[in-house]
$ cat protein24.cif   # mmCIF, C-alpha atoms
data_input
loop_
_atom_site.label_atom_id
_atom_site.label_comp_id
_atom_site.auth_asym_id
_atom_site.auth_seq_id
_atom_site.Cartn_x
_atom_site.Cartn_y
_atom_site.Cartn_z
CA MET A 1 104.85 79.61 84.02
CA SER A 2 107.12 77.01 85.63
CA LYS A 3 106.59 75.80 89.19
CA GLY A 4 109.73 77.57 90.45
CA LYS A 5 108.68 80.86 88.88
CA LYS A 6 105.19 80.56 90.37
CA LEU A 7 106.71 79.96 93.81
CA THR A 8 109.04 82.98 93.64
CA LYS A 9 106.17 85.12 92.37
CA ALA A 10 104.06 84.09 95.37
CA LEU A 11 106.98 84.53 97.76
CA PHE A 12 107.86 87.99 96.53
CA ASN A 13 104.38 89.39 96.98
CA PRO A 14 104.01 92.59 99.07
CA ILE A 15 101.79 90.64 101.51
CA VAL A 16 104.74 88.36 102.36
CA THR A 17 107.09 91.35 102.76
CA GLY A 18 104.53 93.15 104.95
CA THR A 19 104.17 90.01 107.08
CA ILE A 20 107.95 89.65 107.48
CA ILE A 21 108.22 93.28 108.64
CA GLY A 22 105.13 92.94 110.84
CA VAL A 23 106.54 89.92 112.68
CA LEU A 24 110.21 90.91 112.83
CA ALA A 25 109.80 94.57 113.87
CA PRO A 26 108.17 93.75 117.25
CA LEU A 27 110.80 91.02 117.68
CA LEU A 28 113.51 93.67 117.19
CA VAL A 29 111.86 95.60 120.04
CA HIS A 30 112.02 92.40 122.09
CA PHE A 31 115.73 92.12 121.27
CA GLY A 32 116.39 95.70 122.38
CA ASN A 33 115.17 98.31 119.88
CA PRO A 34 113.08 101.20 121.32
CA PRO A 35 109.33 100.56 121.93
CA ASN A 36 107.08 100.72 118.83
CA MET A 37 110.32 101.33 116.91
CA GLY A 38 111.40 97.88 115.77
CA ILE A 39 112.01 99.55 112.45
CA CYS A 40 111.79 103.27 111.68
CA VAL A 41 113.69 104.46 108.64
CA ALA A 42 113.48 108.14 109.61
CA CYS A 43 114.44 107.59 113.28
CA PHE A 44 117.25 105.22 112.33
CA GLU A 45 118.73 107.58 109.74
CA ARG A 46 118.50 110.31 112.38
CA ASP A 47 120.44 108.05 114.78
CA MET A 48 123.05 107.52 112.04
CA ALA A 49 123.38 111.27 111.52
CA GLY A 50 124.04 111.47 115.27
CA ALA A 51 126.54 108.59 115.16
CA MET A 52 128.53 110.55 112.57
CA GLY A 53 128.41 113.65 114.75
CA LEU A 54 126.29 115.62 112.26
CA HIS A 55 124.10 116.48 115.24
CA ARG A 56 125.01 116.22 118.91
CA ALA A 57 121.70 115.12 120.48
CA SER A 58 123.37 112.55 122.73
CA VAL A 59 120.26 110.36 123.17
CA VAL A 60 119.82 109.59 119.45
CA GLN A 61 123.22 108.43 118.18
CA TYR A 62 123.78 104.92 116.81
CA PHE A 63 124.88 103.61 113.40
CA ARG A 64 121.79 101.43 112.82
CA PRO A 65 122.62 98.08 111.15
CA GLU A 66 119.01 97.67 109.93
CA ILE A 67 119.45 100.56 107.47
CA ILE A 68 122.72 99.08 106.16
CA GLY A 69 120.94 95.72 105.84
CA PHE A 70 118.07 97.22 103.81
CA VAL A 71 120.48 98.65 101.25
CA LEU A 72 122.71 95.55 101.14
CA GLY A 73 119.70 93.18 100.95
CA ALA A 74 118.27 95.12 98.01
CA PHE A 75 121.74 95.20 96.43
CA ILE A 76 122.11 91.40 96.74
CA ALA A 77 118.59 90.77 95.38
CA ALA A 78 119.15 93.15 92.45
CA ILE A 79 122.45 91.40 91.58
CA VAL A 80 120.99 87.89 91.88
CA TRP A 81 117.90 88.69 89.78
CA LYS A 82 119.95 90.78 87.32
CA GLU A 83 118.15 94.05 88.00
CA TRP A 84 121.10 96.03 89.33
CA LYS A 85 121.57 99.09 87.17
CA SER A 86 123.57 102.19 87.99
CA ARG A 87 121.56 105.28 87.07
CA THR A 88 121.23 108.95 88.01
CA GLY A 89 120.41 112.39 86.60
CA SER A 90 116.77 112.84 87.63
CA ALA A 91 117.01 116.17 89.48
CA PRO A 92 119.33 115.02 92.31
CA LEU A 93 119.43 118.43 94.04
CA VAL A 94 115.63 118.69 94.10
CA ARG A 95 115.50 115.18 95.56
CA PHE A 96 118.10 116.10 98.20
CA SER A 97 116.01 119.08 99.31
CA LEU A 98 112.82 117.00 99.36
CA GLY A 99 114.70 114.52 101.57
CA VAL A 100 115.65 117.30 103.99
CA PHE A 101 112.03 118.44 104.41
CA ALA A 102 110.63 114.90 104.42
CA MET A 103 112.85 114.18 107.41
CA ILE A 104 111.85 117.37 109.22
CA GLY A 105 108.16 116.42 108.75
CA ALA A 106 108.80 112.87 109.94
CA LEU A 107 110.68 114.10 113.03
CA VAL A 108 107.83 116.45 113.94
CA PHE A 109 105.54 113.39 113.93
CA LEU A 110 108.34 111.19 115.35
CA GLY A 111 108.41 108.45 112.76
CA CYS A 112 108.40 107.40 109.13
CA PRO A 113 105.34 105.76 107.49
CA TRP A 114 106.60 102.32 108.59
CA ARG A 115 106.79 103.43 112.20
CA ALA A 116 103.35 105.05 111.91
CA LEU A 117 101.99 101.59 110.99
CA LEU A 118 103.98 99.91 113.78
CA ARG A 119 102.81 102.53 116.31
CA LEU A 120 99.22 101.86 115.22
CA ALA A 121 99.81 98.12 115.76
CA GLY A 122 101.06 98.95 119.28
CA GLY A 123 97.88 100.86 120.16
CA ASP A 124 99.28 104.39 119.66
CA LEU A 125 96.23 106.32 118.43
CA ASN A 126 98.35 109.32 117.39
CA ALA A 127 99.43 107.11 114.51
CA VAL A 128 95.89 107.29 113.11
CA ILE A 129 96.21 111.07 112.95
CA GLY A 130 99.71 110.80 111.49
CA LEU A 131 98.52 108.36 108.81
CA LEU A 132 95.61 110.66 107.93
CA GLY A 133 98.14 113.48 107.54
CA LEU A 134 100.33 111.21 105.40
CA ALA A 135 97.38 110.34 103.16
CA ALA A 136 96.51 114.06 102.87
CA GLY A 137 100.09 114.79 101.81
CA VAL A 138 99.94 112.01 99.22
CA VAL A 139 96.63 113.33 97.86
CA LEU A 140 98.19 116.81 97.52
CA GLY A 141 101.12 115.24 95.67
CA ILE A 142 98.78 113.27 93.39
CA GLY A 143 97.26 116.59 92.34
CA PHE A 144 100.68 117.49 90.93
CA LEU A 145 101.16 114.04 89.34
CA ARG A 146 97.87 114.52 87.50
CA ARG A 147 99.14 117.89 86.22
CA GLY A 148 102.15 116.13 84.73
CA PHE A 149 104.60 116.50 87.62
CA ASN A 150 107.87 114.60 87.19
CA LEU A 151 111.52 115.08 88.05
CA GLY A 152 112.84 114.09 84.63
CA ARG A 153 114.52 110.99 83.29
CA ALA A 154 117.42 109.21 84.91
CA ARG A 155 120.19 107.97 82.62
CA PRO A 156 122.47 104.95 82.89
CA SER A 157 125.64 105.84 84.79
CA MET A 158 129.00 104.24 85.54
CA PRO A 159 128.93 101.47 88.18
CA ALA A 160 130.56 103.76 90.79
CA THR A 161 127.36 105.85 91.02
CA GLY A 162 125.17 102.94 92.03
CA LEU A 163 127.83 101.37 94.27
CA MET A 164 128.42 104.55 96.30
CA LEU A 165 125.80 104.12 99.05
CA PRO A 166 126.19 100.34 99.54
CA VAL A 167 129.99 100.78 99.79
CA LEU A 168 129.86 103.79 102.15
CA LEU A 169 127.36 102.06 104.45
CA THR A 170 129.47 98.88 104.51
CA ALA A 171 132.49 101.01 105.45
CA GLY A 172 130.42 102.55 108.25
CA LEU A 173 129.45 99.08 109.44
CA LEU A 174 133.11 98.01 109.51
CA LEU A 175 133.97 101.14 111.50
CA THR A 176 131.23 100.31 114.01
CA VAL A 177 132.54 96.77 114.46
CA LEU A 178 136.28 97.47 114.37
CA VAL A 179 136.40 100.72 116.35
CA PRO A 180 133.71 100.18 118.95
CA LYS A 181 135.06 102.36 121.77
CA ILE A 182 133.92 105.93 122.12
CA GLY A 183 136.71 108.48 122.20
CA GLU A 184 139.03 106.51 119.98
CA GLY A 185 139.86 108.52 116.84
CA LEU A 186 137.52 107.06 114.24
CA ALA A 187 134.77 105.76 116.54
CA PHE A 188 131.19 106.79 115.88
CA PHE A 189 129.15 108.40 118.61
CA SER A 190 126.90 105.93 120.42
CA SER A 191 124.19 106.92 122.92
CA GLN A 192 124.59 105.81 126.53
CA GLN A 193 120.93 106.53 127.32
CA GLY A 194 117.68 107.26 125.48
CA PRO A 195 116.39 105.65 122.26
CA GLY A 196 119.88 105.62 120.67
CA SER A 197 121.15 103.33 123.43
CA GLN A 198 118.30 100.87 122.89
CA HIS A 199 119.22 98.44 120.15
CA ALA A 200 119.10 94.76 119.30
CA PRO A 201 122.43 92.90 118.95
CA LEU A 202 124.24 94.06 115.81
CA LEU A 203 124.14 90.73 113.94
CA ILE A 204 120.41 90.24 114.54
CA SER A 205 119.68 93.79 113.33
CA LEU A 206 121.88 93.35 110.28
CA PHE A 207 120.45 89.95 109.37
CA ILE A 208 116.83 91.12 109.68
CA GLY A 209 117.72 94.22 107.67
CA ILE A 210 119.19 92.14 104.84
CA LEU A 211 116.20 89.76 104.85
CA VAL A 212 113.72 92.65 104.64
CA GLY A 213 115.89 94.29 101.96
CA VAL A 214 115.81 91.19 99.73
CA PHE A 215 112.04 90.71 100.00
CA ALA A 216 111.22 94.43 99.69
CA GLN A 217 113.39 94.81 96.58
CA ARG A 218 111.68 91.87 94.90
CA SER A 219 108.12 92.86 95.88
CA ARG A 220 108.65 96.66 95.34
CA PHE A 221 107.22 97.20 98.85
CA CYS A 222 106.40 100.89 99.39
CA THR A 223 104.03 102.53 101.87
CA ILE A 224 103.63 105.69 99.80
CA GLY A 225 103.14 103.69 96.60
CA ALA A 226 100.42 101.77 98.45
CA ILE A 227 98.27 104.89 98.90
CA ARG A 228 99.29 106.50 95.60
CA ASP A 229 98.67 103.48 93.35
CA THR A 230 95.32 102.75 95.00
CA LEU A 231 94.17 106.30 94.28
CA ILE A 232 95.56 107.00 90.81
CA ILE A 233 95.78 103.67 88.99
CA ARG A 234 93.31 101.66 91.12
CA ASP A 235 96.08 99.14 91.85
CA ARG A 236 95.82 97.72 95.39
CA ARG A 237 98.82 95.38 95.17
CA LEU A 238 101.07 97.44 97.46
CA LEU A 239 98.18 98.36 99.77
CA THR A 240 97.73 94.67 100.66
CA GLY A 241 101.34 94.71 101.88
CA ILE A 242 100.85 97.49 104.42
CA ILE A 243 97.57 95.97 105.63
CA ALA A 244 99.44 92.68 106.20
CA LEU A 245 102.13 94.62 108.08
CA VAL A 246 99.66 96.19 110.53
CA ILE A 247 97.71 92.96 111.16
CA THR A 248 100.79 90.79 111.72
CA ALA A 249 102.54 93.44 113.86
CA PHE A 250 99.39 93.71 116.00
CA ALA A 251 99.23 89.91 116.40
CA THR A 252 102.95 89.70 117.22
CA ASN A 253 102.61 92.50 119.79
CA LEU A 254 99.75 90.61 121.51
CA LEU A 255 101.71 87.36 121.42
CA LEU A 256 104.83 88.99 122.88
CA SER A 257 102.71 90.63 125.62
CA VAL A 258 101.41 87.19 126.61
CA LEU A 259 104.75 85.40 126.35
CA THR A 260 106.98 88.02 128.03
CA ASP A 261 106.74 90.43 130.97
CA ALA A 262 106.84 93.52 128.78
CA THR A 263 103.79 95.36 127.36
CA TYR A 264 103.68 95.58 123.58
CA PHE A 265 100.17 96.95 123.18
CA ARG A 266 98.51 99.85 124.99
CA LEU A 267 95.58 101.74 123.49
CA SER A 268 95.84 105.51 124.11
CA PHE A 269 96.80 108.90 122.78
CA ALA A 270 98.82 110.13 125.75
CA ALA A 271 102.29 109.11 126.89
CA GLN A 272 102.98 106.52 124.19
CA PRO A 273 106.68 105.59 123.86
CA VAL A 274 108.79 108.03 121.80
CA ALA A 275 105.62 109.83 120.65
CA HIS A 276 103.68 113.00 121.41
CA SER A 277 99.95 113.66 121.48
CA SER A 278 99.90 117.12 119.94
CA TYR A 279 97.24 116.27 117.34
CA LEU A 280 97.72 119.19 114.96
CA TRP A 281 101.48 118.62 114.65
CA ASN A 282 101.19 114.86 114.26
CA PHE A 283 98.94 115.63 111.30
CA ALA A 284 100.89 118.57 109.84
CA GLY A 285 104.30 116.86 110.16
CA MET A 286 103.03 113.90 108.15
CA VAL A 287 101.35 116.11 105.52
CA LEU A 288 104.80 117.54 104.83
CA ALA A 289 106.46 114.10 104.86
CA GLY A 290 103.77 112.53 102.65
CA LEU A 291 103.96 115.33 100.10
CA ALA A 292 107.77 115.18 99.96
CA PHE A 293 107.75 111.37 99.66
CA VAL A 294 105.21 111.27 96.84
CA LEU A 295 107.05 113.98 94.87
CA SER A 296 110.30 112.04 95.23
CA GLY A 297 108.69 108.76 94.20
CA GLY A 298 108.54 106.64 97.35
CA CYS A 299 108.64 106.17 101.10
CA PRO A 300 112.01 106.31 102.89
CA GLY A 301 112.22 102.51 102.97
CA ARG A 302 111.67 102.29 99.22
CA GLN A 303 114.35 104.96 98.67
CA LEU A 304 116.84 102.69 100.51
CA PHE A 305 115.89 99.66 98.39
CA LEU A 306 116.18 101.72 95.19
CA SER A 307 119.61 102.93 96.36
CA GLY A 308 120.60 99.28 96.77
CA GLU A 309 119.58 98.46 93.19
CA GLY A 310 121.76 101.24 91.78
CA ASP A 311 119.50 104.31 91.79
CA GLY A 312 121.86 107.21 92.53
CA ASP A 313 118.97 109.69 92.76
CA ALA A 314 117.28 107.70 95.52
CA ALA A 315 120.65 107.61 97.32
CA VAL A 316 120.81 111.42 97.13
CA PHE A 317 117.33 111.55 98.70
CA VAL A 318 118.63 109.33 101.54
CA LEU A 319 121.56 111.70 102.08
CA GLY A 320 119.05 114.58 102.10
CA MET A 321 117.11 112.85 104.86
CA ILE A 322 120.29 112.39 106.90
CA ALA A 323 121.13 116.09 106.42
CA GLY A 324 117.54 116.97 107.37
CA ALA A 325 117.92 114.98 110.60
CA ALA A 326 121.09 116.91 111.42
CA LEU A 327 119.31 120.23 110.84
CA ALA A 328 116.27 119.07 112.83
CA HIS A 329 118.33 118.28 115.92
CA ASN A 330 120.84 121.13 115.65
CA PHE A 331 118.05 123.71 115.45
CA GLY A 332 115.47 122.12 117.74
CA LEU A 333 112.98 121.35 114.97
CA ALA A 334 112.21 117.76 116.03
CA ALA A 335 109.26 117.16 118.35
CA ILE A 336 109.70 116.34 122.03
CA PRO A 337 107.88 113.18 123.22
CA ASP A 338 105.14 113.25 125.90
CA ARG A 339 106.56 112.94 129.42
CA ILE A 340 105.13 112.05 132.80
CA VAL A 341 106.66 114.27 135.51
CA GLU A 342 105.63 113.57 139.12
CA GLY A 343 102.54 111.76 137.96
CA SER A 344 101.26 114.43 135.61
CA LEU A 345 101.37 114.38 131.83
CA ILE A 346 103.36 116.98 129.93
CA THR A 347 102.20 116.90 126.32
CA GLY A 348 105.10 116.99 123.88
CA GLY A 349 105.26 118.22 120.29
CA PRO A 350 107.43 120.58 118.29
CA ALA A 351 108.62 123.97 119.61
CA LEU A 352 108.05 127.12 117.55
CA PRO A 353 111.06 126.54 115.20
CA GLY A 354 109.69 123.09 114.32
CA MET A 355 106.25 124.52 113.57
CA VAL A 356 107.77 127.20 111.32
CA ALA A 357 109.93 124.57 109.58
CA VAL A 358 106.85 122.43 108.78
CA GLY A 359 105.11 125.47 107.28
CA LEU A 360 108.16 126.41 105.22
CA GLY A 361 108.59 122.79 104.16
CA ILE A 362 105.02 122.58 102.84
CA VAL A 363 105.51 125.86 100.95
CA PHE A 364 108.80 124.50 99.53
CA CYS A 365 107.17 121.25 98.38
CA LEU A 366 104.25 123.12 96.78
CA GLY A 367 106.84 125.24 94.96
CA VAL A 368 108.60 122.11 93.69
CA GLY A 369 105.21 120.66 92.72
CA PHE A 370 104.17 123.69 90.66
CA SER A 371 107.57 124.29 89.08
CA CYS A 372 107.99 120.68 87.90
CA SER A 373 104.51 120.22 86.43
CA GLY A 374 102.13 121.74 83.93
CA LYS A 375 103.14 124.70 81.83
CA TYR A 376 105.94 125.78 84.18
CA ARG A 377 107.97 122.71 83.41
CA ARG A 378 110.65 122.94 80.76
CA GLY A 379 112.98 120.31 79.33
CA MET B 1 92.04 103.21 60.27
CA MET B 2 94.43 101.46 62.68
CA MET B 3 96.78 103.72 64.59
CA MET B 4 100.24 102.94 65.95
CA MET B 5 101.69 104.99 68.77
CA GLU B 6 104.97 104.92 70.67
CA VAL B 7 105.47 106.07 74.28
CA ASP B 8 109.03 106.41 75.54
CA ALA B 9 108.99 105.93 79.34
CA ARG B 10 112.68 105.06 79.67
CA GLY B 11 114.46 106.65 82.61
CA PHE B 12 111.28 107.51 84.47
CA SER B 13 110.62 105.89 87.83
CA CYS B 14 107.31 105.12 89.55
CA PRO B 15 104.64 106.19 88.97
CA GLN B 16 105.34 107.96 85.64
CA PRO B 17 105.56 104.86 83.38
CA ALA B 18 102.27 103.57 84.82
CA LEU B 19 100.57 106.94 84.33
CA MET B 20 101.91 107.27 80.78
CA THR B 21 100.65 103.76 80.00
CA SER B 22 97.16 104.32 81.35
CA ARG B 23 96.91 107.66 79.50
CA ALA B 24 98.01 105.97 76.27
CA ILE B 25 95.47 103.16 76.70
CA GLU B 26 92.70 105.73 77.23
CA THR B 27 93.39 107.28 73.83
CA LEU B 28 93.38 103.92 71.98
CA LYS B 29 90.43 102.95 69.80
CA SER B 30 89.60 99.39 68.78
CA ASP B 31 92.50 97.72 66.89
CA ASP B 32 94.89 100.59 67.72
CA GLU B 33 98.32 99.70 69.06
CA VAL B 34 100.77 101.37 71.37
CA VAL B 35 104.37 100.41 72.08
CA ILE B 36 105.72 101.44 75.47
CA LEU B 37 109.52 101.62 75.84
CA LEU B 38 110.66 100.71 79.37
CA ASP B 39 114.03 100.17 81.00
CA SER B 40 113.14 98.90 84.47
CA GLU B 41 111.57 95.60 85.52
CA THR B 42 109.40 97.38 88.11
CA ALA B 43 107.91 99.56 85.38
CA VAL B 44 107.38 96.54 83.10
CA GLU B 45 105.45 94.76 85.90
CA ASN B 46 103.33 97.83 86.71
CA CYS B 47 102.51 98.65 83.09
CA THR B 48 101.70 95.01 82.30
CA ARG B 49 99.25 94.91 85.22
CA ILE B 50 97.52 98.07 84.00
CA ALA B 51 97.30 96.69 80.46
CA GLU B 52 95.88 93.39 81.74
CA LYS B 53 93.17 95.24 83.65
CA SER B 54 92.22 97.26 80.58
CA GLY B 55 91.79 94.07 78.57
CA CYS B 56 94.48 94.86 75.98
CA TYR B 57 96.39 92.17 74.12
CA ILE B 58 99.96 92.27 75.41
CA SER B 59 103.23 91.16 73.90
CA ALA B 60 106.68 92.07 75.15
CA CYS B 61 110.18 91.74 73.79
CA LYS B 62 113.36 92.60 75.66
CA GLU B 63 116.58 93.63 73.99
CA GLY B 64 119.66 95.23 75.54
CA GLY B 65 117.88 96.09 78.79
CA ILE B 66 115.00 97.81 76.98
CA THR B 67 111.55 96.22 77.01
CA ARG B 68 109.12 97.02 74.19
CA LEU B 69 105.66 96.44 75.59
CA ARG B 70 103.18 96.21 72.70
CA LEU B 71 99.54 96.74 73.66
CA LYS B 72 96.59 96.32 71.34
CA LYS B 73 93.05 97.33 72.10
CA PRO B 74 90.65 94.50 71.18
#
$ encode --input "protein24.cif" --output "structure tokens"
Amino acid sequence: MSKGKKLTKALFNPIVTGTIIGVLAPLLVHFGNPPNMGICVACFERDMAGAMGLHRASVVQYFRPEIIGFVLGAFIAAIVWKEWKSRTGSAPLVRFSLGVFAMIGALVFLGCPWRALLRLAGGDLNAVIGLLGLAAGVVLGIGFLRRGFNLGRARPSMPATGLMLPVLLTAGLLLTVLVPKIGEGLAFFSSQQGPGSQHAPLLISLFIGILVGVFAQRSRFCTIGAIRDTLIIRDRRLLTGIIALVITAFATNLLLSVLTDATYFRLSFAAQPVAHSSYLWNFAGMVLAGLAFVLSGGCPGRQLFLSGEGDGDAAVFVLGMIAGAALAHNFGLAAIPDRIVEGSLITGGPALPGMVAVGLGIVFCLGVGFSCSGKYRRG
Amino acid sequence: MMMMMEVDARGFSCPQPALMTSRAIETLKSDDEVVILLDSETAVENCTRIAEKSGCYISACKEGGITRLRLKKP
């Protein structure tokens, strides 16, 4: 192997990608993103659903440049390293529905797997419960994989298929930049208060997004793959990436706490930022999300990177997640964070519709699992 | 008697190609060969890693976007 090849191989290791995310995510919080939410694929797609008016929860509306950056970064990397390939046809409608329920599960926990790791690195102990739920969901999904579960083959498609999501997101970015004022015809919604109003400057968000997208595409970074591959093929390559993410995010949080006036680390269950301490629902929400992610082949971040490299089925999953976010906020399925009112803690969590939706979602995913594996599978 | 097997994993995404490869390797006896057909670099990397761990001899050739990964049990 030549020296250059060795260097790129070392550089595009999941540990390096995990470190980049671990350092840059807390920095994004420093630059303005919500606390413990430097990057959250689920929350950010939810904000984008709000920006497009698919839901009208006024505190979570913003067309997040990080998400656009992830897709464009992966797109650029796939073009440069000649891996871009337009493909589709692996059960897109099933993937869309899995995306819907994955998002509902994530919004009952209040975060995607990445944010669960970042919350852990910020001292939020609910993340431990969420990650246990996620692992339980992955283990359930592995049961189906062992029984032969799969969503069928994708086939090569015309370039338009693979270009669709990168082009649409770029158009959205242009709209955000060119029509910034609310109330003007084509302008997206943009929160004036709440998490949606908290964001780093657009160019910083976009640049970090692209950087992460390039590295994650090359290293195949995936939080669900990390658990799955460790358990079924005894391959810990991706696992090292998420361990690096937690350690470096923790170190960066401590460093930022020392260097700035803000607090980036506080160890507790109760009243963590944009989080609730309803243990059962932190667990159950992530069981649903984990199961849906493993059946669809990857965590929400990985689905964005795959969309960038031309995978039309992953792009359909992303659209499913955005639709799921709209449903979650239009029908009050998403959890409410813990609040402190007049000095006393009000524990958040999902309301009854959210609890029912998690139950239905798990039943749905089990149905998909059984019907696409073993003797029930045809074709 | 040496056996030659072919596994077509084209079009599948993670983790199917890896699972198909490790299942195929399990069925191999000494001197048996299996050829895995793959059409994504990610799958080629994953399957190569699994084959390396199992101690198989590996050779690969790529043609028209399809990689033929030939594994031989020592």
$ closest_atom_pairs --input "protein24.cif" --of "chain B" --to "chain A" --cutoff "12 Å" --atoms "all atoms listed in the file" --output "tab-separated table"
residue	atom	partner	partner_atom	distance
B:Asp8	CA	A:Arg153	CA	10.5
B:Ala9	CA	A:Arg153	CA	8.5
B:Arg10	CA	A:Arg153	CA	7.2
B:Gly11	CA	A:Arg153	CA	4.4
B:Phe12	CA	A:Arg153	CA	4.9
B:Ser13	CA	A:Gly297	CA	7.2
B:Cys14	CA	A:Gly297	CA	6.1
B:Pro15	CA	A:Gly297	CA	7.1
B:Gln16	CA	A:Asn150	CA	7.3
B:Pro17	CA	A:Asn150	CA	10.7
B:Ala18	CA	A:Ile233	CA	7.7
B:Leu19	CA	A:Ile233	CA	7.4
B:Met20	CA	A:Gly148	CA	9.7
B:Thr21	CA	A:Ile233	CA	10.2
B:Ser22	CA	A:Ile233	CA	7.8
B:Arg23	CA	A:Ile233	CA	10.4
B:Leu38	CA	A:Arg153	CA	11.7
B:Asp39	CA	A:Lys85	CA	9.8
B:Ser40	CA	A:Glu83	CA	7.8
B:Glu41	CA	A:Glu83	CA	7.2
B:Thr42	CA	A:Arg220	CA	7.3
B:Ala43	CA	A:Arg220	CA	10.4
B:Glu45	CA	A:Arg220	CA	10.1
B:Asn46	CA	A:Asp235	CA	9.0
B:Cys47	CA	A:Ile233	CA	10.3
B:Thr48	CA	A:Asp235	CA	11.8
B:Arg49	CA	A:Asp235	CA	8.5
B:Ile50	CA	A:Ile233	CA	7.7
B:Ala51	CA	A:Ile233	CA	11.1
B:Glu52	CA	A:Asp235	CA	11.6
B:Lys53	CA	A:Asp235	CA	9.5
B:Ser54	CA	A:Ile233	CA	11.2
B:Gly65	CA	A:Glu83	CA	9.4
B:Ile66	CA	A:Pro156	CA	11.9
$ residues_around --input "protein24.cif" --residues "region 124-138 of chain A" --least-positions-apart "6" --cutoff "9 Å" --atoms "all atoms listed in the file" --output "ChimeraX atom specification"
/A:36,109,113,115-118,224,227-228,265-270,272-273,275-295
$ resolve_selection --input "protein24.cif" --expression "the PyMOL selection byres ((chain A and resi 64) around 12)" --output "ChimeraX atom specification"
/A:33,38-52,60-63,65-71,169-170,172-173,176-177,188-191,195-206,208-209
$ residues_around --input "protein24.cif" --residues "region 28-32 of chain B" --least-positions-apart "4" --cutoff "6 Å" --atoms "only C-alpha atoms" --output "ChimeraX atom specification"
/B:2-3,72-74
$ atom_distance --input "protein24.cif" --atom1 "CA of Thr263 (chain A)" --atom2 "CA of Leu211 (chain A)"
26.3 Å
$ resolve_selection --input "protein24.cif" --expression "the PyMOL selection byres ((chain A and resi 316) around 12)" --output "number ranges by chain"
A: 87-100, 161-162, 164-165, 296, 300, 303-304, 306-307, 310-315, 317-323
$ resolve_selection --input "protein24.cif" --expression "the PyMOL selection byres ((chain A and resi 358) around 8)" --output "compact mmCIF listing (two decimals) with C-alpha atoms, in the frame of the given file"
# COMPACT_ATOMS: atom_id res chain seq x y z
CA PHE A 101 112.03 118.44 104.41
CA ILE A 104 111.85 117.37 109.22
CA GLY A 105 108.16 116.42 108.75
CA VAL A 108 107.83 116.45 113.94
CA ALA A 284 100.89 118.57 109.84
CA GLY A 285 104.30 116.86 110.16
CA LEU A 288 104.80 117.54 104.83
CA GLY A 354 109.69 123.09 114.32
CA MET A 355 106.25 124.52 113.57
CA VAL A 356 107.77 127.20 111.32
CA ALA A 357 109.93 124.57 109.58
CA GLY A 359 105.11 125.47 107.28
CA LEU A 360 108.16 126.41 105.22
CA GLY A 361 108.59 122.79 104.16
CA ILE A 362 105.02 122.58 102.84
$ residues_around --input "protein24.cif" --residues "Ile340 (chain A)" --least-positions-apart "6" --cutoff "9 Å" --atoms "all atoms listed in the file" --output "VMD selection string"
chain A and resid 271 346 to 347
$ closest_residue --input "protein24.cif" --among "A:Leu345, A:Ala326, A:Ala334, A:Ile15" --to "Phe215 (chain A)" --atoms "all atoms listed in the file"
A:Ile15
$ atom_distance --input "protein24.cif" --atom1 "CA of Val341 (chain A)" --atom2 "CA of Ala262 (chain A)"
21.8 Å
$ axis_aligned_box --input "protein24.cif" --around "region 43-46 of chain B" --padding-each-side "4 Å" --output "AutoDock Vina command-line options"
--center_x 105.6 --center_y 97.2 --center_z 84.9 --size_x 12.6 --size_y 12.8 --size_z 11.6
$ atom_distance --input "protein24.cif" --atom1 "CA of Val214 (chain A)" --atom2 "CA of Ile76 (chain A)"
7.0 Å
$ residues_around --input "protein24.cif" --residues "Glu6 (chain B)" --least-positions-apart "6" --cutoff "7 Å" --atoms "all atoms listed in the file" --output "list in words"
Val34, Val35 and Ile36 of chain B
$ closest_residue --input "protein24.cif" --among "A:Leu327, A:Val363, A:Leu256, A:Leu54" --to "Leu27 (chain A)" --atoms "all atoms listed in the file"
A:Leu256
